[in-house]
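*Asks:* input.cif is reproduced below (mmCIF, C-alpha atoms).
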```
data_structure
#
loop_
_atom_site.group_PDB
_atom_site.id
_atom_site.type_symbol
_atom_site.label_atom_id
_atom_site.label_comp_id
_atom_site.auth_asym_id
_atom_site.auth_seq_id
_atom_site.Cartn_x
_atom_site.Cartn_y
_atom_site.Cartn_z
ATOM 1 C CA MET R 1 107.326 -4.095 -62.244
ATOM 2 C CA SER R 2 110.623 -5.424 -60.986
ATOM 3 C CA ASP R 3 110.969 -8.143 -58.403
ATOM 4 C CA PRO R 4 114.346 -7.670 -56.743
ATOM 5 C CA SER R 5 113.317 -10.183 -54.091
ATOM 6 C CA ARG R 6 114.346 -12.919 -56.509
ATOM 7 C CA PHE R 7 117.941 -11.917 -55.888
ATOM 8 C CA ALA R 8 120.111 -11.864 -52.796
ATOM 9 C CA VAL R 9 119.857 -9.024 -50.329
ATOM 10 C CA ARG R 10 122.788 -6.642 -50.775
ATOM 11 C CA GLY R 11 125.282 -6.938 -47.949
ATOM 12 C CA SER R 12 128.494 -5.084 -47.254
ATOM 13 C CA ALA R 13 130.723 -3.775 -50.053
ATOM 14 C CA GLU R 14 133.026 -6.721 -49.347
ATOM 15 C CA GLU R 15 130.173 -9.197 -49.774
ATOM 16 C CA VAL R 16 128.897 -7.530 -52.951
ATOM 17 C CA GLU R 17 132.355 -7.274 -54.521
ATOM 18 C CA GLU R 18 134.024 -10.464 -53.398
ATOM 19 C CA GLY R 19 131.118 -12.846 -52.868
ATOM 20 C CA ARG R 20 129.299 -15.397 -54.956
ATOM 21 C CA LYS R 21 125.815 -14.026 -54.360
ATOM 22 C CA LEU R 22 124.046 -12.203 -57.159
ATOM 23 C CA ALA R 23 122.750 -9.071 -55.453
ATOM 24 C CA PRO R 24 122.121 -6.574 -58.255
ATOM 25 C CA LYS R 25 121.683 -2.909 -57.477
ATOM 26 C CA PHE R 26 118.620 -1.586 -59.271
ATOM 27 C CA ASP R 27 118.267 2.173 -59.596
ATOM 28 C CA ALA R 28 115.344 4.290 -58.395
ATOM 29 C CA ASP R 29 113.352 3.104 -61.421
ATOM 30 C CA GLY R 30 114.118 -0.539 -60.669
ATOM 31 C CA LEU R 31 116.558 -0.826 -63.557
ATOM 32 C CA ILE R 32 120.133 -1.965 -64.095
ATOM 33 C CA THR R 33 122.327 -1.024 -67.065
ATOM 34 C CA CYS R 34 123.185 -3.805 -69.509
ATOM 35 C CA VAL R 35 125.918 -3.707 -72.148
ATOM 36 C CA ALA R 36 125.555 -6.217 -74.974
ATOM 37 C CA THR R 37 128.654 -7.054 -76.980
ATOM 38 C CA ASP R 38 128.984 -9.217 -80.053
ATOM 39 C CA ALA R 39 130.386 -12.554 -78.868
ATOM 40 C CA ALA R 40 132.303 -12.903 -82.127
ATOM 41 C CA THR R 41 133.815 -9.434 -82.622
ATOM 42 C CA GLY R 42 133.730 -7.838 -79.165
ATOM 43 C CA ASP R 43 131.965 -4.766 -80.574
ATOM 44 C CA VAL R 44 129.440 -3.108 -78.322
ATOM 45 C CA LEU R 45 126.081 -3.691 -79.979
ATOM 46 C CA MET R 46 123.845 -1.771 -77.592
ATOM 47 C CA VAL R 47 123.392 -0.409 -74.097
ATOM 48 C CA ALA R 48 119.963 -0.980 -72.592
ATOM 49 C CA HIS R 49 118.283 -1.598 -69.261
ATOM 50 C CA MET R 50 116.875 -4.585 -67.437
ATOM 51 C CA ASN R 51 114.467 -4.747 -64.552
ATOM 52 C CA GLY R 52 114.491 -7.704 -62.177
ATOM 53 C CA GLU R 53 112.164 -9.713 -64.346
ATOM 54 C CA ALA R 54 114.221 -9.076 -67.507
ATOM 55 C CA LEU R 55 117.420 -10.051 -65.715
ATOM 56 C CA ALA R 56 115.836 -13.208 -64.307
ATOM 57 C CA ARG R 57 114.439 -14.224 -67.682
ATOM 58 C CA THR R 58 117.780 -13.585 -69.380
ATOM 59 C CA ILE R 59 119.538 -15.782 -66.830
ATOM 60 C CA GLU R 60 116.965 -18.545 -67.015
ATOM 61 C CA THR R 61 116.442 -18.646 -70.781
ATOM 62 C CA GLY R 62 119.811 -17.543 -72.161
ATOM 63 C CA GLU R 63 117.944 -15.098 -74.417
ATOM 64 C CA ALA R 64 118.308 -11.330 -73.928
ATOM 65 C CA TRP R 65 115.350 -9.646 -72.250
ATOM 66 C CA TYR R 66 115.301 -5.925 -71.516
ATOM 67 C CA PHE R 67 112.988 -3.325 -70.067
ATOM 68 C CA SER R 68 112.074 -0.554 -72.483
ATOM 69 C CA ARG R 69 112.066 2.793 -70.737
ATOM 70 C CA SER R 70 110.290 4.497 -73.627
ATOM 71 C CA ARG R 71 107.550 1.872 -73.794
ATOM 72 C CA GLN R 72 107.654 1.014 -70.080
ATOM 73 C CA LYS R 73 107.440 -2.676 -70.765
ATOM 74 C CA LEU R 74 109.362 -5.888 -70.575
ATOM 75 C CA TRP R 75 110.842 -6.628 -73.955
ATOM 76 C CA ARG R 76 112.346 -9.776 -75.410
ATOM 77 C CA LYS R 77 115.014 -8.576 -77.819
ATOM 78 C CA GLY R 78 113.899 -9.454 -81.310
ATOM 79 C CA GLU R 79 110.260 -10.055 -80.450
ATOM 80 C CA THR R 80 109.224 -7.713 -83.278
ATOM 81 C CA SER R 81 112.251 -7.790 -85.580
ATOM 82 C CA GLY R 82 113.249 -11.415 -85.148
ATOM 83 C CA HIS R 83 116.723 -10.114 -84.314
ATOM 84 C CA THR R 84 117.055 -12.051 -81.086
ATOM 85 C CA GLN R 85 120.190 -12.307 -78.974
ATOM 86 C CA ARG R 86 121.444 -15.611 -77.615
ATOM 87 C CA VAL R 87 123.535 -14.937 -74.539
ATOM 88 C CA THR R 88 126.810 -16.840 -74.395
ATOM 89 C CA GLU R 89 127.968 -15.235 -71.150
ATOM 90 C CA LEU R 90 126.527 -12.878 -68.555
ATOM 91 C CA ARG R 91 128.802 -11.018 -66.182
ATOM 92 C CA VAL R 92 128.147 -8.619 -63.350
ATOM 93 C CA ASP R 93 130.480 -5.841 -62.302
ATOM 94 C CA CYS R 94 132.184 -5.198 -58.991
ATOM 95 C CA ASP R 95 129.385 -3.299 -57.289
ATOM 96 C CA GLN R 96 126.725 -5.204 -59.222
ATOM 97 C CA ASP R 97 125.037 -2.189 -60.760
ATOM 98 C CA SER R 98 125.813 -3.156 -64.371
ATOM 99 C CA VAL R 99 125.727 -6.362 -66.354
ATOM 100 C CA TRP R 100 127.606 -7.322 -69.492
ATOM 101 C CA ILE R 101 126.218 -9.897 -71.860
ATOM 102 C CA LYS R 102 128.076 -11.427 -74.766
ATOM 103 C CA VAL R 103 125.549 -12.315 -77.422
ATOM 104 C CA GLU R 104 125.142 -14.074 -80.712
ATOM 105 C CA GLN R 105 123.066 -11.558 -82.617
ATOM 106 C CA ALA R 106 120.453 -13.148 -84.885
ATOM 107 C CA GLY R 107 119.389 -11.353 -88.046
ATOM 108 C CA GLU R 108 120.963 -8.277 -89.499
ATOM 109 C CA GLY R 109 121.514 -6.182 -86.458
ATOM 110 C CA ALA R 110 120.801 -5.002 -82.941
ATOM 111 C CA CYS R 111 119.946 -1.384 -83.684
ATOM 112 C CA HIS R 112 116.432 -0.175 -84.377
ATOM 113 C CA THR R 113 117.861 2.146 -87.067
ATOM 114 C CA GLY R 114 118.850 -0.864 -89.172
ATOM 115 C CA ARG R 115 122.522 -1.107 -88.257
ATOM 116 C CA ARG R 116 124.468 -3.976 -86.763
ATOM 117 C CA SER R 117 125.399 -1.903 -83.685
ATOM 118 C CA CYS R 118 123.831 1.188 -82.136
ATOM 119 C CA PHE R 119 127.322 2.734 -82.018
ATOM 120 C CA TYR R 120 127.727 3.650 -85.682
ATOM 121 C CA ARG R 121 129.149 7.152 -85.190
ATOM 122 C CA ALA R 122 132.471 8.256 -83.738
ATOM 123 C CA VAL R 123 133.430 11.541 -82.142
ATOM 124 C CA PRO R 124 136.786 12.846 -83.402
ATOM 125 C CA LEU R 125 139.163 13.420 -80.499
ATOM 126 C CA GLY R 126 141.519 16.260 -79.707
ATOM 127 C CA ARG R 127 139.242 19.053 -80.884
ATOM 128 C CA PRO R 128 136.890 21.385 -79.010
ATOM 129 C CA ALA R 129 133.808 19.482 -77.859
ATOM 130 C CA ASP R 130 131.479 22.182 -79.127
ATOM 131 C CA ALA R 131 132.770 21.818 -82.693
ATOM 132 C CA VAL R 132 132.286 18.088 -83.125
ATOM 133 C CA SER R 133 131.117 16.583 -86.394
ATOM 134 C CA LEU R 134 130.302 12.909 -85.987
ATOM 135 C CA GLU R 135 131.972 10.425 -88.318
ATOM 136 C CA TRP R 136 130.327 7.266 -89.542
ATOM 137 C CA ARG R 137 131.664 3.844 -88.533
ATOM 138 C CA ASP R 138 130.121 0.666 -89.938
ATOM 139 C CA GLY R 139 127.007 2.747 -90.462
ATOM 140 C CA GLU R 140 125.540 0.767 -93.320
ATOM 141 C CA LYS R 141 121.855 0.034 -92.907
ATOM 142 C CA LEU R 142 121.463 -3.725 -93.117
ATOM 143 C CA PHE R 143 117.700 -3.756 -92.857
ATOM 144 C CA ASP R 144 114.855 -1.317 -93.385
ATOM 145 C CA PRO R 145 113.520 -0.363 -89.965
ATOM 146 C CA LYS R 146 110.191 0.739 -91.424
ATOM 147 C CA ALA R 147 109.682 -2.685 -92.962
ATOM 148 C CA VAL R 148 110.648 -4.427 -89.734
ATOM 149 C CA TYR R 149 109.042 -2.213 -87.100
ATOM 150 C CA GLY R 150 106.550 -0.031 -88.942
ATOM 151 C CA ALA R 151 106.941 3.553 -87.703
ATOM 152 C CA PRO R 152 110.389 4.414 -86.294
ATOM 153 C CA LYS R 153 110.750 3.681 -82.604
ATOM 154 C CA LYS R 154 113.271 2.238 -80.229
ATOM 155 C CA MET N 1 127.899 20.509 -62.515
ATOM 156 C CA SER N 2 127.304 19.580 -66.129
ATOM 157 C CA ASP N 3 127.287 22.032 -68.982
ATOM 158 C CA PRO N 4 125.147 20.529 -71.738
ATOM 159 C CA SER N 5 125.203 23.868 -73.545
ATOM 160 C CA ARG N 6 128.595 22.902 -74.952
ATOM 161 C CA PHE N 7 126.824 20.378 -77.132
ATOM 162 C CA ALA N 8 124.207 20.688 -79.854
ATOM 163 C CA VAL N 9 120.564 21.121 -78.950
ATOM 164 C CA ARG N 10 118.712 17.854 -79.435
ATOM 165 C CA GLY N 11 116.467 17.945 -82.476
ATOM 166 C CA SER N 12 114.108 15.344 -83.908
ATOM 167 C CA ALA N 13 114.767 11.615 -83.602
ATOM 168 C CA GLU N 14 115.854 11.686 -87.238
ATOM 169 C CA GLU N 15 118.379 14.439 -86.538
ATOM 170 C CA VAL N 16 119.711 12.747 -83.402
ATOM 171 C CA GLU N 17 120.011 9.331 -85.058
ATOM 172 C CA GLU N 18 121.091 10.203 -88.579
ATOM 173 C CA GLY N 19 122.889 13.503 -88.151
ATOM 174 C CA ARG N 20 126.448 14.612 -87.563
ATOM 175 C CA LYS N 21 125.736 16.758 -84.528
ATOM 176 C CA LEU N 22 126.790 15.547 -81.104
ATOM 177 C CA ALA N 23 123.672 16.131 -79.000
ATOM 178 C CA PRO N 24 124.052 13.849 -75.983
ATOM 179 C CA LYS N 25 121.068 13.071 -73.806
ATOM 180 C CA PHE N 26 121.987 13.552 -70.170
ATOM 181 C CA ASP N 27 119.689 12.011 -67.569
ATOM 182 C CA ALA N 28 117.933 13.838 -64.727
ATOM 183 C CA ASP N 29 121.236 13.921 -62.833
ATOM 184 C CA GLY N 30 123.078 15.372 -65.829
ATOM 185 C CA LEU N 31 124.850 12.106 -66.591
ATOM 186 C CA ILE N 32 125.346 9.808 -69.557
ATOM 187 C CA THR N 33 126.380 6.147 -69.374
ATOM 188 C CA CYS N 34 129.844 5.289 -70.652
ATOM 189 C CA VAL N 35 131.139 1.808 -71.490
ATOM 190 C CA ALA N 36 134.913 1.442 -71.605
ATOM 191 C CA THR N 37 136.321 -1.525 -73.495
ATOM 192 C CA ASP N 38 139.907 -2.652 -73.791
ATOM 193 C CA ALA N 39 141.113 -1.505 -77.223
ATOM 194 C CA ALA N 40 143.288 -4.612 -77.494
ATOM 195 C CA THR N 41 140.974 -7.390 -76.304
ATOM 196 C CA GLY N 42 137.466 -5.958 -76.668
ATOM 197 C CA ASP N 43 136.671 -6.877 -73.060
ATOM 198 C CA VAL N 44 134.411 -4.517 -71.181
ATOM 199 C CA LEU N 45 136.598 -2.949 -68.501
ATOM 200 C CA MET N 46 134.024 -0.810 -66.729
ATOM 201 C CA VAL N 47 130.720 1.000 -66.981
ATOM 202 C CA ALA N 48 130.672 4.489 -65.513
ATOM 203 C CA HIS N 49 129.071 7.883 -66.004
ATOM 204 C CA MET N 50 130.099 11.188 -67.507
ATOM 205 C CA ASN N 51 128.624 14.615 -67.043
ATOM 206 C CA GLY N 52 128.978 17.246 -69.749
ATOM 207 C CA GLU N 53 132.330 18.398 -68.449
ATOM 208 C CA ALA N 54 133.734 14.849 -68.269
ATOM 209 C CA LEU N 55 132.554 14.129 -71.802
ATOM 210 C CA ALA N 56 134.018 17.373 -73.120
ATOM 211 C CA ARG N 57 137.357 16.772 -71.405
ATOM 212 C CA THR N 58 137.490 13.198 -72.705
ATOM 213 C CA ILE N 59 136.875 14.422 -76.244
ATOM 214 C CA GLU N 60 139.373 17.249 -76.004
ATOM 215 C CA THR N 61 142.191 15.410 -74.207
ATOM 216 C CA GLY N 62 141.790 11.813 -75.397
ATOM 217 C CA GLU N 63 142.034 10.731 -71.736
ATOM 218 C CA ALA N 64 139.042 9.192 -69.950
ATOM 219 C CA TRP N 65 137.239 11.504 -67.532
ATOM 220 C CA TYR N 66 134.185 10.410 -65.580
ATOM 221 C CA PHE N 67 131.815 11.766 -62.984
ATOM 222 C CA SER N 68 131.781 9.780 -59.761
ATOM 223 C CA ARG N 69 128.246 9.410 -58.461
ATOM 224 C CA SER N 70 129.420 8.214 -55.057
ATOM 225 C CA ARG N 71 131.849 11.086 -54.604
ATOM 226 C CA GLN N 72 129.821 13.586 -56.671
ATOM 227 C CA LYS N 73 132.874 14.872 -58.422
ATOM 228 C CA LEU N 74 134.597 15.028 -61.756
ATOM 229 C CA TRP N 75 137.207 12.317 -61.919
ATOM 230 C CA ARG N 76 140.113 11.749 -64.261
ATOM 231 C CA LYS N 77 140.474 7.991 -64.472
ATOM 232 C CA GLY N 78 143.746 7.043 -62.810
ATOM 233 C CA GLU N 79 144.225 10.326 -60.959
ATOM 234 C CA THR N 80 144.794 8.363 -57.748
ATOM 235 C CA SER N 81 145.905 4.963 -59.003
ATOM 236 C CA GLY N 82 147.905 6.062 -62.027
ATOM 237 C CA HIS N 83 145.785 3.619 -64.027
ATOM 238 C CA THR N 84 144.783 6.114 -66.671
ATOM 239 C CA GLN N 85 142.899 5.328 -69.860
ATOM 240 C CA ARG N 86 143.991 6.669 -73.233
ATOM 241 C CA VAL N 87 140.972 6.760 -75.526
ATOM 242 C CA THR N 88 141.569 5.403 -79.010
ATOM 243 C CA GLU N 89 137.974 5.851 -80.145
ATOM 244 C CA LEU N 90 134.799 7.382 -78.756
ATOM 245 C CA ARG N 91 131.448 6.443 -80.192
ATOM 246 C CA VAL N 92 127.928 7.567 -79.422
ATOM 247 C CA ASP N 93 124.835 5.412 -79.821
ATOM 248 C CA CYS N 94 121.762 5.924 -81.966
ATOM 249 C CA ASP N 95 119.769 8.065 -79.531
ATOM 250 C CA GLN N 96 122.941 9.552 -78.030
ATOM 251 C CA ASP N 97 122.254 8.521 -74.455
ATOM 252 C CA SER N 98 125.311 6.251 -74.149
ATOM 253 C CA VAL N 99 128.921 6.482 -75.212
ATOM 254 C CA TRP N 100 131.431 3.732 -75.861
ATOM 255 C CA ILE N 101 135.131 4.379 -75.485
ATOM 256 C CA LYS N 102 137.886 2.024 -76.555
ATOM 257 C CA VAL N 103 140.824 2.563 -74.254
ATOM 258 C CA GLU N 104 144.418 1.625 -73.711
ATOM 259 C CA GLN N 105 144.420 0.873 -69.998
ATOM 260 C CA ALA N 106 147.587 1.996 -68.217
ATOM 261 C CA GLY N 107 148.773 0.098 -65.176
ATOM 262 C CA GLU N 108 147.398 -3.143 -63.879
ATOM 263 C CA GLY N 109 143.715 -2.594 -64.236
ATOM 264 C CA ALA N 110 140.568 -0.528 -64.408
ATOM 265 C CA CYS N 111 138.756 -1.918 -61.366
ATOM 266 C CA HIS N 112 139.074 -0.407 -57.905
ATOM 267 C CA THR N 113 139.093 -3.961 -56.477
ATOM 268 C CA GLY N 114 142.454 -4.620 -58.138
ATOM 269 C CA ARG N 115 141.306 -6.494 -61.227
ATOM 270 C CA ARG N 116 141.863 -5.754 -64.873
ATOM 271 C CA SER N 117 138.106 -5.433 -65.500
ATOM 272 C CA CYS N 118 135.186 -4.737 -63.187
ATOM 273 C CA PHE N 119 133.398 -7.709 -64.764
ATOM 274 C CA TYR N 120 135.263 -10.550 -63.069
ATOM 275 C CA ARG N 121 132.259 -12.702 -62.203
ATOM 276 C CA ALA N 122 129.862 -14.592 -64.446
ATOM 277 C CA VAL N 123 126.312 -15.697 -63.811
ATOM 278 C CA PRO N 124 125.676 -19.294 -64.892
ATOM 279 C CA LEU N 125 122.796 -19.439 -67.363
ATOM 280 C CA GLY N 126 119.838 -21.787 -67.648
ATOM 281 C CA ARG N 127 119.192 -22.091 -63.929
ATOM 282 C CA PRO N 128 116.702 -20.367 -61.622
ATOM 283 C CA ALA N 129 117.766 -16.756 -61.042
ATOM 284 C CA ASP N 130 117.246 -17.061 -57.307
ATOM 285 C CA ALA N 131 119.758 -19.908 -57.025
ATOM 286 C CA VAL N 132 122.705 -18.251 -58.732
ATOM 287 C CA SER N 133 126.245 -18.747 -57.509
ATOM 288 C CA LEU N 134 128.651 -16.400 -59.275
ATOM 289 C CA GLU N 135 131.675 -17.883 -61.016
ATOM 290 C CA TRP N 136 135.036 -16.140 -61.244
ATOM 291 C CA ARG N 137 136.414 -15.022 -64.620
ATOM 292 C CA ASP N 138 139.854 -13.447 -64.864
ATOM 293 C CA GLY N 139 139.374 -12.506 -61.230
ATOM 294 C CA GLU N 140 143.008 -12.380 -60.249
ATOM 295 C CA LYS N 141 143.897 -9.286 -58.253
ATOM 296 C CA LEU N 142 146.697 -7.543 -60.114
ATOM 297 C CA PHE N 143 147.226 -4.805 -57.577
ATOM 298 C CA ASP N 144 146.454 -4.189 -53.938
ATOM 299 C CA PRO N 145 143.643 -1.641 -53.764
ATOM 300 C CA LYS N 146 144.536 -0.698 -50.193
ATOM 301 C CA ALA N 147 148.069 0.180 -51.265
ATOM 302 C CA VAL N 148 146.817 2.165 -54.250
ATOM 303 C CA TYR N 149 143.747 3.887 -52.834
ATOM 304 C CA GLY N 150 144.007 3.593 -49.071
ATOM 305 C CA ALA N 151 140.609 2.551 -47.721
ATOM 306 C CA PRO N 152 138.397 0.645 -50.186
ATOM 307 C CA LYS N 153 136.214 2.891 -52.331
ATOM 308 C CA LYS N 154 135.066 3.213 -55.901
#
```
Here is a file; write its structure as structure tokens.

*Replies:*
Amino acid sequence: MSDPSRFAVRGSAEEVEEGRKLAPKFDADGLITCVATDAATGDVLMVAHMNGEALARTIETGEAWYFSRSRQKLWRKGETSGHTQRVTELRVDCDQDSVWIKVEQAGEGACHTGRRSCFYRAVPLGRPADAVSLEWRDGEKLFDPKAVYGAPKK
Amino acid sequence: MSDPSRFAVRGSAEEVEEGRKLAPKFDADGLITCVATDAATGDVLMVAHMNGEALARTIETGEAWYFSRSRQKLWRKGETSGHTQRVTELRVDCDQDSVWIKVEQAGEGACHTGRRSCFYRAVPLGRPADAVSLEWRDGEKLFDPKAVYGAPKK
């Protein structure tokens, strides 16, 4: 599914970390983790995955493309919902196994549950981990996922 | 290594997405992806992984703990460098397979290469993916990794 041959061959740690070549490290499933933040607010909107094709298309088009693990298919963000993401910057991390995109989120939100961000619940800190009760943060549903997607899915 | 039994059993998608129970989804290696952003600037500092123990310790102590895949060990951020991370907020995403922590980064930076953030290079957009030349962003080395860590490592 992925075509890592479109990118540079990974060299030494020094080359990967200090060089100008894009040599992403895809995992055993051919995927790389992608964090999308809101270009305006800095909030993390979602964490998803890209295969080589999704990464290449994102770079070439400036629109966010991902690879859906649940559906096992290439996925242009917003192709169903219309909630596309225009990428204003794409960065790669030191060892090139993660990418960070800053996006202008079109439509009401990035999350398939109807929220602006997928991260709409916080874990209170300083208490036993087995007694956590999640707290809502910006959890308002801005669109009806059933109306946008049909049956619930990611 | 991980002890997922400290967290709630994962129920239906509705329960996982709309409920108050923390029921993280660890991958086949017992890990969950964690994005750490700078609480002050919103910049993504690093993407790393937590096992159940690292997640529990982060929740209970308010300090960032990770699991190092390369070293296969639990890792308190800053235990070698002194560049610890105090967590101001911890959020979980819709399907609870990623966490986002906002941190106050102690010391010069989060990246083992000596930078503030691991994401110190940008990929120019709108050009063929196989002809990318990375561009530096905030890539100044703020500390000498050899002096802090000894031999280069992650």

*Asks:* If we count only C-alpha atoms, what is near stretch 10-26 of chain N at a cut-off of 8 Å, once residues fewer than 5 positions away on the same chain are taken out, given as a list in words?

*Replies:* Thr113, Val123, Val132, Ser133, Leu134 and Glu135 of chain R; Pro4, Leu31, Ile32, Asn51, Gly52, Cys94, Asp95, Gln96, Asp97 and Ser98 of chain N

*Asks:* Identify all chain N residues at most 6 Å from chain R by counting all atoms listed in the file; ligands do not count. Present them as a list in words.

*Replies:*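 Interface list for chain N against chain R: Arg6, Phe7, Arg20, Lys21, Gly42, Ala56, Ile59, Glu60, Thr61, Gly62, Leu90, Arg91, Val92, Asp93, Cys94, Cys118, Phe119, Arg121, Ala122, Val123, Leu125, Gly126, Arg127, Pro128, Ala129, Asp130, Ser133 and Leu134 of chain N.
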
*Asks:* Let me see the file: selected residues, C-alpha atoms, as a PDB file, keeping the file's coordinate frame.

*Replies:*
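File again04.pdb, as written:
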```
ATOM      1  CA  ARG N   6     128.595  22.902 -74.952  1.00  0.00           C
ATOM      2  CA  PHE N   7     126.824  20.378 -77.132  1.00  0.00           C
ATOM      3  CA  ARG N  20     126.448  14.612 -87.563  1.00  0.00           C
ATOM      4  CA  LYS N  21     125.736  16.758 -84.528  1.00  0.00           C
ATOM      5  CA  GLY N  42     137.466  -5.958 -76.668  1.00  0.00           C
ATOM      6  CA  ALA N  56     134.018  17.373 -73.120  1.00  0.00           C
ATOM      7  CA  ILE N  59     136.875  14.422 -76.244  1.00  0.00           C
ATOM      8  CA  GLU N  60     139.373  17.249 -76.004  1.00  0.00           C
ATOM      9  CA  THR N  61     142.191  15.410 -74.207  1.00  0.00           C
ATOM     10  CA  GLY N  62     141.790  11.813 -75.397  1.00  0.00           C
ATOM     11  CA  LEU N  90     134.799   7.382 -78.756  1.00  0.00           C
ATOM     12  CA  ARG N  91     131.448   6.443 -80.192  1.00  0.00           C
ATOM     13  CA  VAL N  92     127.928   7.567 -79.422  1.00  0.00           C
ATOM     14  CA  ASP N  93     124.835   5.412 -79.821  1.00  0.00           C
ATOM     15  CA  CYS N  94     121.762   5.924 -81.966  1.00  0.00           C
ATOM     16  CA  CYS N 118     135.186  -4.737 -63.187  1.00  0.00           C
ATOM     17  CA  PHE N 119     133.398  -7.709 -64.764  1.00  0.00           C
ATOM     18  CA  ARG N 121     132.259 -12.702 -62.203  1.00  0.00           C
ATOM     19  CA  ALA N 122     129.862 -14.592 -64.446  1.00  0.00           C
ATOM     20  CA  VAL N 123     126.312 -15.697 -63.811  1.00  0.00           C
ATOM     21  CA  LEU N 125     122.796 -19.439 -67.363  1.00  0.00           C
ATOM     22  CA  GLY N 126     119.838 -21.787 -67.648  1.00  0.00           C
ATOM     23  CA  ARG N 127     119.192 -22.091 -63.929  1.00  0.00           C
ATOM     24  CA  PRO N 128     116.702 -20.367 -61.622  1.00  0.00           C
ATOM     25  CA  ALA N 129     117.766 -16.756 -61.042  1.00  0.00           C
ATOM     26  CA  ASP N 130     117.246 -17.061 -57.307  1.00  0.00           C
ATOM     27  CA  SER N 133     126.245 -18.747 -57.509  1.00  0.00           C
ATOM     28  CA  LEU N 134     128.651 -16.400 -59.275  1.00  0.00           C
TER      29      LEU N 134
END
```

*Asks:* Would you mind reading off the distance between atom CA of R:Tyr66 and atom CA of R:Phe143, one decimal, in Å?

*Replies:*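 Result for atom CA of R:Tyr66 versus atom CA of R:Phe143: 21.6 Å, one decimal.
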
*Asks:* Quick check, in Å to one decimal: how far apart do atom CA of R:Ala28 and atom CA of R:Trp75 lie?

*Replies:* 19.5 Å

*Asks:* Please evaluate the PyMOL selection byres ((chain N and resi 72) around 12) against the structure above and give the resulting residues as a VMD selection string.

*Replies:* chain N and resid 1 to 2 29 to 31 49 to 51 66 to 71 73 to 75 154

*Asks:* Please, what distance in Å, to one decimal, runs between atom CA of R:Arg86 and atom CA of R:Gln105?

*Replies:*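 Here the two named atoms are 6.6 Å from each other.
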